[in-house]
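Structure file work_35.cif (mmCIF, C-alpha atoms) is printed below.
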```cif
data_input
loop_
_atom_site.label_atom_id
_atom_site.label_comp_id
_atom_site.auth_asym_id
_atom_site.auth_seq_id
_atom_site.Cartn_x
_atom_site.Cartn_y
_atom_site.Cartn_z
CA MET A 1458 175.72 -67.61 -48.06
CA ARG A 1459 175.46 -68.74 -51.69
CA ARG A 1460 174.32 -65.26 -52.66
CA ILE A 1461 177.32 -63.66 -50.93
CA ALA A 1462 179.67 -66.08 -52.75
CA LEU A 1463 178.00 -65.28 -56.09
CA TYR A 1464 178.24 -61.52 -55.52
CA SER A 1465 181.90 -61.87 -54.44
CA ILE A 1466 182.77 -63.79 -57.62
CA LEU A 1467 180.95 -61.23 -59.75
CA SER A 1468 182.74 -58.39 -57.92
CA LEU A 1469 186.06 -60.04 -58.70
CA LEU A 1470 185.04 -60.40 -62.35
CA PHE A 1471 184.14 -56.70 -62.56
CA ILE A 1472 187.49 -55.75 -60.98
CA LEU A 1473 189.26 -57.80 -63.65
CA LEU A 1474 187.17 -56.22 -66.40
CA GLN A 1475 187.89 -52.74 -65.03
CA THR A 1476 191.66 -53.32 -65.07
CA THR A 1477 191.92 -55.24 -68.34
CA VAL A 1478 189.10 -54.71 -70.85
CA VAL A 1479 187.63 -51.31 -69.91
CA LYS A 1480 190.85 -49.54 -71.02
CA PHE A 1481 189.66 -50.16 -74.62
CA LEU A 1482 186.70 -47.89 -73.94
CA SER A 1483 188.94 -45.03 -72.76
CA LEU A 1484 188.45 -41.58 -74.27
CA GLY A 1485 191.77 -39.91 -73.57
CA ARG A 1486 192.30 -40.51 -69.86
CA ILE A 1487 188.59 -40.91 -69.17
CA VAL A 1488 187.41 -44.46 -68.49
CA PRO A 1489 183.96 -45.54 -67.34
CA ASP A 1490 183.80 -46.83 -63.78
CA ILE A 1491 182.03 -50.17 -64.21
CA LEU A 1492 182.83 -51.06 -60.60
CA LEU A 1493 180.64 -48.17 -59.51
CA ILE A 1494 177.81 -49.37 -61.77
CA TRP A 1495 178.15 -52.77 -60.10
CA VAL A 1496 178.09 -51.25 -56.60
CA VAL A 1497 174.96 -49.22 -57.47
CA TYR A 1498 173.36 -52.37 -58.90
CA VAL A 1499 174.08 -54.28 -55.66
CA ALA A 1500 172.64 -51.39 -53.59
CA ILE A 1501 169.43 -51.25 -55.65
CA ARG A 1502 169.06 -55.03 -55.78
CA GLN A 1503 170.08 -55.98 -52.22
CA GLY A 1504 169.70 -52.81 -50.18
CA GLN A 1505 171.79 -50.10 -48.61
CA ALA A 1506 173.89 -52.30 -46.31
CA ALA A 1507 174.88 -54.62 -49.18
CA GLY A 1508 175.70 -51.63 -51.42
CA THR A 1509 177.83 -50.03 -48.72
CA ALA A 1510 179.72 -53.29 -48.08
CA ALA A 1511 180.18 -53.92 -51.84
CA GLY A 1512 181.53 -50.38 -52.25
CA PHE A 1513 184.00 -50.85 -49.42
CA LEU A 1514 185.28 -54.25 -50.59
CA THR A 1515 185.68 -53.41 -54.29
CA GLY A 1516 187.32 -50.09 -53.37
CA LEU A 1517 189.72 -51.88 -51.03
CA VAL A 1518 190.84 -54.28 -53.79
CA VAL A 1519 191.37 -51.30 -56.14
CA ASP A 1520 193.50 -49.67 -53.42
CA LEU A 1521 195.55 -52.81 -52.90
CA LEU A 1522 196.15 -53.05 -56.65
CA SER A 1523 197.48 -49.50 -56.84
CA GLY A 1524 200.81 -50.24 -55.13
CA SER A 1525 202.19 -48.30 -52.20
CA ASP A 1526 201.06 -44.82 -53.23
CA GLY A 1527 200.14 -43.96 -49.64
CA MET A 1528 196.45 -43.90 -50.48
CA LEU A 1529 195.31 -47.32 -49.26
CA GLY A 1530 191.72 -46.85 -48.09
CA LEU A 1531 190.87 -43.94 -50.38
CA ALA A 1532 188.96 -45.87 -53.06
CA ALA A 1533 187.39 -47.92 -50.23
CA LEU A 1534 186.23 -44.71 -48.55
CA SER A 1535 184.85 -43.08 -51.70
CA LYS A 1536 183.15 -46.23 -52.95
CA THR A 1537 181.65 -46.90 -49.49
CA VAL A 1538 180.00 -43.46 -49.68
CA ALA A 1539 178.86 -44.19 -53.24
CA GLY A 1540 177.32 -47.53 -52.20
CA PHE A 1541 175.61 -45.92 -49.21
CA ILE A 1542 174.16 -43.08 -51.32
CA ALA A 1543 172.98 -45.54 -54.00
CA GLY A 1544 171.19 -47.43 -51.22
CA PHE A 1545 168.69 -44.58 -50.92
CA PHE A 1546 167.37 -45.64 -54.35
CA TYR A 1547 166.52 -49.10 -52.99
CA ASP A 1548 162.83 -49.90 -53.02
CA GLU A 1549 161.93 -53.57 -52.78
CA ASN A 1550 158.65 -53.04 -54.63
CA LYS A 1551 160.09 -51.00 -57.50
CA MET A 1552 163.44 -52.74 -57.93
CA PHE A 1553 162.99 -53.67 -61.60
CA GLN A 1554 161.55 -50.27 -62.51
CA THR A 1555 164.59 -48.62 -60.89
CA LEU A 1556 167.08 -50.89 -62.64
CA GLY A 1557 165.34 -50.62 -66.00
CA GLY A 1558 164.45 -46.92 -65.79
CA TYR A 1559 166.04 -43.49 -65.62
CA GLN A 1560 166.35 -43.83 -61.81
CA ILE A 1561 169.47 -45.99 -62.16
CA LEU A 1562 171.08 -43.27 -64.28
CA ILE A 1563 170.39 -40.73 -61.52
CA ALA A 1564 171.69 -43.16 -58.87
CA VAL A 1565 174.91 -43.80 -60.83
CA GLY A 1566 175.34 -40.09 -61.61
CA VAL A 1567 174.88 -38.92 -58.01
CA ALA A 1568 177.00 -41.72 -56.53
CA SER A 1569 179.75 -41.17 -59.11
CA VAL A 1570 179.96 -37.38 -58.65
CA LEU A 1571 180.10 -37.75 -54.85
CA GLN A 1572 182.66 -40.54 -55.09
CA ASN A 1573 184.90 -38.50 -57.41
CA VAL A 1574 184.67 -35.33 -55.33
CA ILE A 1575 185.69 -37.20 -52.15
CA TYR A 1576 188.41 -39.05 -54.03
CA PHE A 1577 190.04 -36.02 -55.64
CA VAL A 1578 189.81 -33.74 -52.60
CA ILE A 1579 191.80 -36.29 -50.55
CA PHE A 1580 193.99 -37.72 -53.34
CA LEU A 1581 195.32 -34.34 -54.43
CA GLN A 1582 196.08 -32.95 -50.97
CA GLY A 1583 199.63 -31.59 -50.95
CA SER A 1584 199.88 -31.91 -54.73
CA GLU A 1585 200.21 -29.05 -57.20
CA ILE A 1586 197.26 -30.36 -59.21
CA GLY A 1587 194.20 -28.40 -58.11
CA TRP A 1588 191.36 -30.70 -57.02
CA TRP A 1589 188.72 -28.40 -58.50
CA GLY A 1590 190.41 -28.58 -61.91
CA ALA A 1591 190.83 -32.36 -61.57
CA ILE A 1592 187.13 -32.76 -60.80
CA LEU A 1593 186.21 -30.70 -63.87
CA LEU A 1594 188.76 -32.37 -66.14
CA TYR A 1595 188.49 -35.98 -64.94
CA GLY A 1596 185.81 -36.41 -62.26
CA LEU A 1597 182.78 -35.01 -64.08
CA PRO A 1598 183.67 -36.50 -67.51
CA THR A 1599 184.23 -39.88 -65.80
CA SER A 1600 180.82 -39.59 -64.11
CA PHE A 1601 179.15 -38.63 -67.38
CA TYR A 1602 180.84 -41.48 -69.28
CA THR A 1603 179.87 -43.94 -66.52
CA VAL A 1604 176.23 -42.79 -66.76
CA VAL A 1605 176.33 -43.26 -70.55
CA VAL A 1606 177.70 -46.81 -70.15
CA THR A 1607 174.93 -47.51 -67.59
CA LEU A 1608 172.44 -47.14 -70.47
CA LEU A 1609 173.48 -50.62 -71.69
CA PRO A 1610 172.46 -52.59 -68.56
CA MET A 1611 169.47 -50.27 -68.14
CA PHE A 1612 168.10 -51.06 -71.61
CA ALA A 1613 168.90 -54.77 -71.16
CA TYR A 1614 166.98 -54.78 -67.87
CA ALA A 1615 164.06 -52.83 -69.31
CA ARG A 1616 163.83 -55.21 -72.24
CA LYS A 1617 163.96 -58.30 -70.09
CA TYR A 1618 161.73 -57.30 -67.18
CA LEU A 1619 159.60 -54.34 -68.21
CA THR A 1620 158.24 -55.33 -71.63
CA MET T 1016 168.04 -54.46 -23.96
CA ARG T 1017 165.31 -55.16 -26.42
CA ARG T 1018 164.93 -51.42 -27.04
CA LEU T 1019 168.67 -51.08 -27.71
CA TYR T 1020 168.53 -53.97 -30.17
CA ASP T 1021 165.59 -52.31 -31.92
CA ILE T 1022 167.51 -49.04 -32.25
CA LEU T 1023 170.58 -50.85 -33.56
CA SER T 1024 168.45 -52.78 -36.00
CA LEU T 1025 166.66 -49.63 -37.17
CA PHE T 1026 169.89 -47.78 -37.88
CA ARG T 1027 172.02 -50.76 -38.88
CA ASN T 1028 172.78 -49.28 -42.33
CA TYR T 1029 174.11 -46.11 -40.74
CA PHE T 1030 176.20 -48.06 -38.19
CA LEU T 1031 177.68 -50.21 -40.95
CA PHE T 1032 178.39 -47.08 -43.02
CA ALA T 1033 180.08 -45.35 -40.06
CA PHE T 1034 182.10 -48.48 -39.25
CA LEU T 1035 183.37 -48.89 -42.83
CA ILE T 1036 184.23 -45.18 -43.03
CA VAL T 1037 186.28 -45.53 -39.83
CA VAL T 1038 188.06 -48.61 -41.26
CA SER T 1039 188.85 -46.76 -44.52
CA VAL T 1040 190.19 -43.71 -42.71
CA SER T 1041 192.26 -45.95 -40.40
CA LEU T 1042 193.76 -47.67 -43.46
CA LEU T 1043 194.64 -44.26 -44.91
CA ALA T 1044 196.38 -43.42 -41.64
CA LEU T 1045 198.16 -46.79 -41.21
CA ASN T 1046 199.20 -47.25 -44.79
CA ASP T 1047 202.64 -48.80 -45.19
CA ASN T 1048 203.08 -51.12 -42.22
CA VAL T 1049 204.25 -54.73 -42.57
CA GLN T 1050 200.81 -56.37 -42.43
CA ILE T 1051 199.39 -54.08 -45.12
CA ARG T 1052 202.44 -54.71 -47.32
CA ALA T 1053 201.82 -58.47 -46.98
CA VAL T 1054 198.11 -58.13 -47.87
CA ARG T 1055 199.03 -55.91 -50.82
CA ALA T 1056 201.56 -58.47 -52.12
CA LEU T 1057 198.96 -61.24 -51.79
CA THR T 1058 196.34 -59.19 -53.68
CA ILE T 1059 198.78 -58.28 -56.47
CA ALA T 1060 199.73 -61.95 -56.83
CA SER T 1061 196.19 -63.32 -56.94
CA ILE T 1062 194.56 -60.60 -59.08
CA GLY T 1063 197.66 -60.42 -61.30
CA SER T 1064 197.42 -64.10 -62.23
CA LEU T 1065 193.75 -63.62 -63.13
CA GLN T 1066 194.53 -60.47 -65.13
CA GLU T 1067 197.09 -62.45 -67.10
CA THR T 1068 194.35 -64.72 -68.42
CA PHE T 1069 192.67 -61.66 -69.96
CA GLY T 1070 195.97 -60.68 -71.58
CA PHE T 1071 195.13 -62.22 -74.95
CA ILE T 1072 192.50 -59.55 -75.69
CA PRO T 1073 194.79 -56.58 -76.42
CA ASN T 1074 197.16 -58.81 -78.39
CA TYR T 1075 194.34 -60.07 -80.59
CA PHE T 1076 193.08 -56.59 -81.45
CA ASN T 1077 196.46 -55.00 -81.95
CA LEU T 1078 198.44 -57.74 -83.65
CA ARG T 1079 198.02 -56.51 -87.20
CA ARG T 1080 198.84 -52.89 -86.43
CA GLU T 1081 201.73 -53.95 -84.22
CA ASN T 1082 203.23 -56.13 -86.97
CA SER T 1083 203.37 -53.30 -89.47
CA ILE T 1084 204.85 -50.91 -86.88
CA LEU T 1085 207.47 -53.52 -85.96
CA ARG T 1086 208.46 -54.03 -89.60
CA GLU T 1087 208.99 -50.29 -90.05
CA GLN T 1088 210.92 -50.10 -86.79
CA ASN T 1089 213.05 -53.05 -87.81
CA VAL T 1090 214.28 -51.27 -90.93
CA ALA T 1091 214.96 -48.03 -89.06
CA LEU T 1092 216.73 -49.84 -86.22
CA SER T 1093 218.97 -51.88 -88.54
CA ASP T 1094 220.17 -48.64 -90.05
CA GLU T 1095 220.66 -47.08 -86.62
CA VAL T 1096 222.53 -50.12 -85.28
CA SER T 1097 225.15 -49.90 -88.01
CA ARG T 1098 225.65 -46.18 -87.37
CA LEU T 1099 225.80 -46.75 -83.60
CA ARG T 1100 228.44 -49.47 -84.02
CA GLU T 1101 230.64 -46.93 -85.74
CA ALA T 1102 229.91 -44.34 -83.03
CA ARG T 1103 230.64 -46.86 -80.27
CA LEU T 1104 234.01 -47.70 -81.72
CA GLU T 1105 234.82 -44.04 -82.04
CA ASN T 1106 233.52 -43.38 -78.51
CA SER T 1107 235.59 -46.13 -76.88
CA GLN T 1108 238.73 -44.92 -78.70
CA LEU T 1109 238.11 -41.36 -77.48
CA ARG T 1110 237.35 -42.54 -73.92
CA ARG T 1111 240.60 -44.50 -73.91
CA LEU T 1112 242.47 -41.41 -75.07
CA LEU T 1113 240.86 -39.29 -72.34
CA GLY T 1114 241.14 -41.97 -69.63
CA LEU T 1115 237.37 -42.06 -68.91
CA HIS T 1116 235.60 -45.13 -67.43
CA GLU T 1117 233.10 -47.13 -69.49
CA GLN T 1118 229.52 -46.52 -68.37
CA ALA T 1119 227.85 -49.29 -66.42
CA ARG T 1120 225.53 -51.61 -68.34
CA TYR T 1121 222.20 -52.73 -66.99
CA ASN T 1122 220.18 -55.89 -67.17
CA TYR T 1123 216.68 -55.70 -68.58
CA VAL T 1124 213.78 -57.91 -67.58
CA SER T 1125 211.06 -57.97 -70.22
CA ALA T 1126 207.49 -57.78 -68.96
CA ASN T 1127 203.95 -57.77 -70.29
CA ILE T 1128 201.40 -55.35 -68.94
CA VAL T 1129 198.56 -57.52 -67.66
CA GLY T 1130 196.51 -54.77 -66.01
CA LYS T 1131 196.13 -51.02 -66.14
CA ASN T 1132 194.54 -48.79 -63.56
CA LEU T 1133 194.15 -45.51 -65.44
CA GLN T 1134 191.11 -44.49 -63.47
CA LEU T 1135 190.92 -41.22 -61.51
CA LEU T 1136 194.60 -40.29 -61.86
CA ARG T 1137 195.82 -43.41 -60.04
CA ASN T 1138 197.70 -44.39 -63.21
CA THR T 1139 199.43 -47.66 -62.40
CA ILE T 1140 200.20 -50.79 -64.44
CA THR T 1141 200.45 -54.45 -63.41
CA LEU T 1142 203.44 -56.38 -64.80
CA ASP T 1143 203.73 -60.16 -65.13
CA VAL T 1144 207.18 -60.25 -63.53
CA GLY T 1145 208.03 -59.96 -59.84
CA GLU T 1146 210.49 -60.69 -57.07
CA LYS T 1147 211.39 -64.10 -58.55
CA ASP T 1148 212.70 -62.24 -61.62
CA GLY T 1149 214.84 -59.95 -59.45
CA LEU T 1150 212.45 -56.99 -59.30
CA LYS T 1151 212.53 -54.58 -56.39
CA VAL T 1152 210.64 -51.41 -55.52
CA ASP T 1153 212.00 -48.25 -57.24
CA MET T 1154 213.48 -50.07 -60.25
CA PRO T 1155 212.99 -48.09 -63.48
CA ILE T 1156 210.53 -49.25 -66.15
CA VAL T 1157 211.27 -48.39 -69.79
CA SER T 1158 210.01 -49.23 -73.26
CA ASP T 1159 211.50 -48.78 -76.73
CA ALA T 1160 210.02 -45.25 -76.70
CA GLY T 1161 211.62 -44.22 -73.40
CA LEU T 1162 210.98 -43.95 -69.67
CA VAL T 1163 207.67 -45.45 -68.52
CA GLY T 1164 207.92 -45.13 -64.72
CA LYS T 1165 209.12 -47.10 -61.71
CA VAL T 1166 208.16 -50.17 -59.70
CA VAL T 1167 206.12 -49.30 -56.60
CA GLY T 1168 204.94 -52.70 -55.40
CA THR T 1169 205.98 -56.32 -55.86
CA SER T 1170 204.79 -59.83 -55.12
CA ARG T 1171 206.62 -63.03 -56.08
CA GLY T 1172 205.28 -63.16 -59.64
CA TYR T 1173 203.85 -59.68 -60.29
CA ALA T 1174 204.73 -56.03 -59.87
CA ILE T 1175 202.89 -52.72 -59.85
CA GLY T 1176 204.43 -49.85 -61.80
CA GLN T 1177 203.76 -46.14 -61.34
CA ILE T 1178 203.80 -44.38 -64.72
CA LEU T 1179 205.13 -40.87 -65.44
CA LEU T 1180 201.59 -39.49 -65.54
CA ASN T 1181 201.19 -39.75 -61.77
CA LYS T 1182 201.01 -36.89 -59.28
CA ASP T 1183 203.68 -38.47 -57.08
CA PHE T 1184 206.17 -39.12 -59.86
CA ARG T 1185 209.35 -37.00 -59.93
CA ALA T 1186 212.58 -37.52 -61.85
CA SER T 1187 215.77 -35.59 -62.29
CA VAL T 1188 216.13 -34.92 -66.03
CA LYS T 1189 218.29 -33.03 -68.48
CA VAL T 1190 217.33 -31.14 -71.65
CA GLN T 1191 219.87 -32.74 -73.96
CA ARG T 1192 220.93 -29.94 -76.35
CA PRO T 1193 221.45 -27.03 -73.92
CA ARG T 1194 222.47 -29.40 -71.01
CA VAL T 1195 219.87 -27.85 -68.68
CA ASP T 1196 218.93 -29.84 -65.57
CA ALA T 1197 215.36 -29.84 -64.26
CA ILE T 1198 212.81 -31.79 -62.26
CA LEU T 1199 210.20 -33.71 -64.23
CA ALA T 1200 206.66 -33.73 -62.81
CA TRP T 1201 203.06 -34.18 -63.90
CA GLU T 1202 200.27 -31.75 -63.16
CA GLY T 1203 197.40 -33.41 -65.02
CA GLY T 1204 196.64 -33.78 -68.73
CA GLU T 1205 198.72 -35.62 -71.31
CA ARG T 1206 201.88 -33.53 -70.92
CA LEU T 1207 204.66 -33.47 -68.36
CA ILE T 1208 206.29 -30.32 -67.04
CA LEU T 1209 209.85 -29.32 -66.24
CA LYS T 1210 210.45 -27.43 -63.02
CA ASN T 1211 213.30 -25.11 -62.07
CA VAL T 1212 214.18 -24.03 -65.63
CA VAL T 1213 215.36 -20.44 -65.30
CA LYS T 1214 214.13 -18.00 -67.99
CA THR T 1215 217.63 -17.28 -69.27
CA PHE T 1216 218.19 -20.95 -70.20
CA ASP T 1217 218.07 -21.74 -73.89
CA VAL T 1218 215.29 -24.36 -73.95
CA HIS T 1219 213.13 -24.64 -77.09
CA ALA T 1220 210.32 -26.77 -78.43
CA GLY T 1221 211.79 -29.87 -80.07
CA ASP T 1222 214.60 -30.36 -77.53
CA LEU T 1223 215.00 -33.92 -76.29
CA VAL T 1224 214.62 -34.61 -72.56
CA ILE T 1225 216.60 -37.48 -71.01
CA THR T 1226 217.21 -38.73 -67.46
CA SER T 1227 220.03 -36.93 -65.73
CA GLU T 1228 223.18 -38.27 -64.09
CA TYR T 1229 221.96 -36.58 -60.89
CA SER T 1230 219.06 -38.98 -60.56
CA SER T 1231 219.53 -41.50 -57.77
CA LEU T 1232 216.72 -43.72 -59.14
CA PHE T 1233 217.14 -43.75 -62.92
CA PRO T 1234 220.24 -44.50 -64.98
CA GLU T 1235 221.30 -41.48 -67.02
CA GLY T 1236 220.47 -41.02 -70.68
CA ILE T 1237 217.04 -42.68 -70.86
CA ARG T 1238 214.80 -40.81 -73.29
CA VAL T 1239 211.82 -39.20 -71.53
CA GLY T 1240 210.19 -37.08 -74.22
CA VAL T 1241 210.42 -33.93 -76.28
CA VAL T 1242 209.85 -30.32 -75.22
CA SER T 1243 206.58 -29.32 -76.87
CA LYS T 1244 206.06 -25.80 -75.51
CA THR T 1245 207.89 -23.15 -73.51
CA GLU T 1246 206.24 -20.11 -72.00
CA SER T 1247 207.75 -17.16 -70.21
CA SER T 1248 205.63 -15.03 -67.90
CA SER T 1249 206.59 -11.71 -66.30
CA SER T 1250 205.43 -12.90 -62.86
CA SER T 1251 207.87 -15.82 -62.63
CA LEU T 1252 211.63 -16.36 -62.70
CA PHE T 1253 211.16 -19.73 -64.35
CA LEU T 1254 210.10 -20.92 -67.78
CA ALA T 1255 206.94 -23.01 -68.04
CA VAL T 1256 208.18 -26.00 -70.04
CA GLU T 1257 205.83 -28.70 -71.33
CA VAL T 1258 207.15 -32.10 -72.39
CA THR T 1259 205.34 -34.63 -74.55
CA PRO T 1260 206.28 -38.10 -73.23
CA GLY T 1261 207.89 -40.45 -75.75
CA VAL T 1262 205.70 -43.30 -74.53
CA ASP T 1263 202.08 -43.67 -75.61
CA PHE T 1264 200.67 -44.93 -72.31
CA ALA T 1265 197.26 -45.81 -73.75
CA ARG T 1266 198.79 -48.33 -76.17
CA LEU T 1267 201.64 -49.59 -74.04
CA GLU T 1268 201.69 -53.40 -73.79
CA GLN T 1269 205.28 -54.53 -73.27
CA VAL T 1270 207.96 -52.92 -71.14
CA PHE T 1271 211.39 -53.64 -69.68
CA VAL T 1272 212.37 -53.30 -66.05
CA ILE T 1273 215.98 -52.23 -65.55
CA THR T 1274 217.36 -54.19 -62.63
CA HIS T 1275 219.17 -51.11 -61.42
CA VAL T 1276 219.20 -50.25 -57.74
CA PRO T 1277 220.39 -46.88 -56.50
CA ASP T 1278 224.01 -46.73 -55.40
CA THR T 1279 223.54 -46.70 -51.61
CA SER T 1280 227.11 -45.51 -50.91
CA ARG T 1281 226.50 -42.48 -53.14
CA THR T 1282 223.19 -41.61 -51.46
CA ALA T 1283 224.79 -42.10 -48.03
CA VAL T 1284 227.59 -39.64 -48.87
CA GLU T 1285 225.09 -37.15 -50.32
CA LEU T 1286 222.89 -37.41 -47.23
CA ALA T 1287 225.86 -37.07 -44.85
CA LEU T 1288 227.03 -33.92 -46.61
CA THR T 1289 223.60 -32.29 -46.63
CA LYS T 1290 222.98 -32.93 -42.90
#
```
Go ahead and render the structure in this file as structure tokens.
Amino acid sequence: MRRIALYSILSLLFILLQTTVVKFLSLGRIVPDILLIWVVYVAIRQGQAAGTAAGFLTGLVVDLLSGSDGMLGLAALSKTVAGFIAGFFYDENKMFQTLGGYQILIAVGVASVLQNVIYFVIFLQGSEIGWWGAILLYGLPTSFYTVVVTLLPMFAYARKYLT
Amino acid sequence: MRRLYDILSLFRNYFLFAFLIVVSVSLLALNDNVQIRAVRALTIASIGSLQETFGFIPNYFNLRRENSILREQNVALSDEVSRLREARLENSQLRRLLGLHEQARYNYVSANIVGKNLQLLRNTITLDVGEKDGLKVDMPIVSDAGLVGKVVGTSRGYAIGQILLNKDFRASVKVQRPRVDAILAWEGGERLILKNVVKTFDVHAGDLVITSEYSSLFPEGIRVGVVSKTESSSSSLFLAVEVTPGVDFARLEQVFVITHVPDTSRTAVELALTK
């Protein structure tokens, strides 16, 4: 119970960081998705079910904060998939190696690309913006930038637990 | 029974995944019912108050730059105010001569941006004003540089604004010099586009784009941006017109909400006639 409370508070903190501080790291319209890094971290640390639930809940709050754009549930859906996919990288015996090694970069990269593809394909239905172009212009750069930002916690983890 | 429990336990991750996918898809289908609106208002209110506590960060970093910009603007605006006073006097005399009505004035509610969601084309902002300040959905949001967007969600103390760079945003606008009407939209990138501009219309780069009197949402005459490029292709009847927005959305920190609600009698007449 205490662990769930702690993870909920940290999730809330990451949502606040994503909507307030992360904009300073923006390159044009590309911002790193630190919520996704958090979801992947939860999945690797606590397992697939926890990652899936974390993805759903953080995505739902993002949806609720986006006003009535008719897309409530979309970020929840895409982040649920991301959390579930990241859960395949969970290995209780190699948790620290995964978090402090290149595996977390692969987990974030794969989860992010899948999340963005699902998101854009649904989000841009009926719009004149082509989803393929949006994925190339925003989705893939966002995934790449998110992977680059993941290097920071990865090195911090490696330094703390693997040296 | 035991066997069933074992199967459920073995595939619990997949069941949870399937369940959450069904919930997400159901939410997408349900979307704007009363309960969801209430939950949305509650979330905006609680996260908005927390976002406000982080508000000092942009101010701290930008204060110096902002001060010098404000000083320059102050000088330019003082000059403009004196010229506008003259123009206003002249305008009211001419209106009196022609028997035209004075244009309606609007009230502005100043607001700080306490959160931005610029991720994955969602492009919304959180404002620290809400229903208690008289805000309602669809009210226009402006800044000193021009049109910012419109209010799309409110709670008692906070509001969510949809900016121009949003796939769902549309506005009726006018290219000021040639008096050409068009529909403003966004199709990705940093520029806006004008739709329905026929090739024969005299629209050039550098022309100012303002909101049109035909808009039922926005008061007329609000600066939107400047035409940056026009392109004519043999396969289309229309010009491809790109507009650079006047507002720098990445640096936007303070805005004003115009407490203007659409004239319902006008929309009712328009709807009745088009039926």
Notebook entry, point to check: Out of A:Leu1594, A:Val1518, A:Val1604, A:Met1552, which residue has the shortest atom-to-atom distance to Gln1503 of chain A when counting all atoms listed in the file?
Noted result: A:Met1552
Next item on the list: Return as a VMD selection string the residues belonging to chain A that are within 9 Å of chain T, counting all atoms listed in the file.
Entry: chain A and resid 1469 1472 to 1478 1480 to 1481 1483 1485 to 1490 1505 to 1507 1509 to 1510 1513 1517 to 1535 1537 to 1538 1541 1573 1576 to 1577 1580 to 1581 1584 to 1587 1591 1594 to 1596 1599
Check: Between atom CA of Leu1556 of chain A and atom CA of Met1611 of chain A, what is the distance, to one decimal in Å?
Finding: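 Atom-to-atom, atom CA of Leu1556 of chain A to atom CA of Met1611 of chain A, that is 6.0 Å.
Pairwise distance (atom CA of Val1190 of chain T, atom CA of Ser1158 of chain T) equals 19.6 Å.
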Margin query: Please report the interatomic distance between atom CA of Leu1099 of chain T and atom CA of Ala1160 of chain T in Å with one decimal.
Written below: 17.3 Å
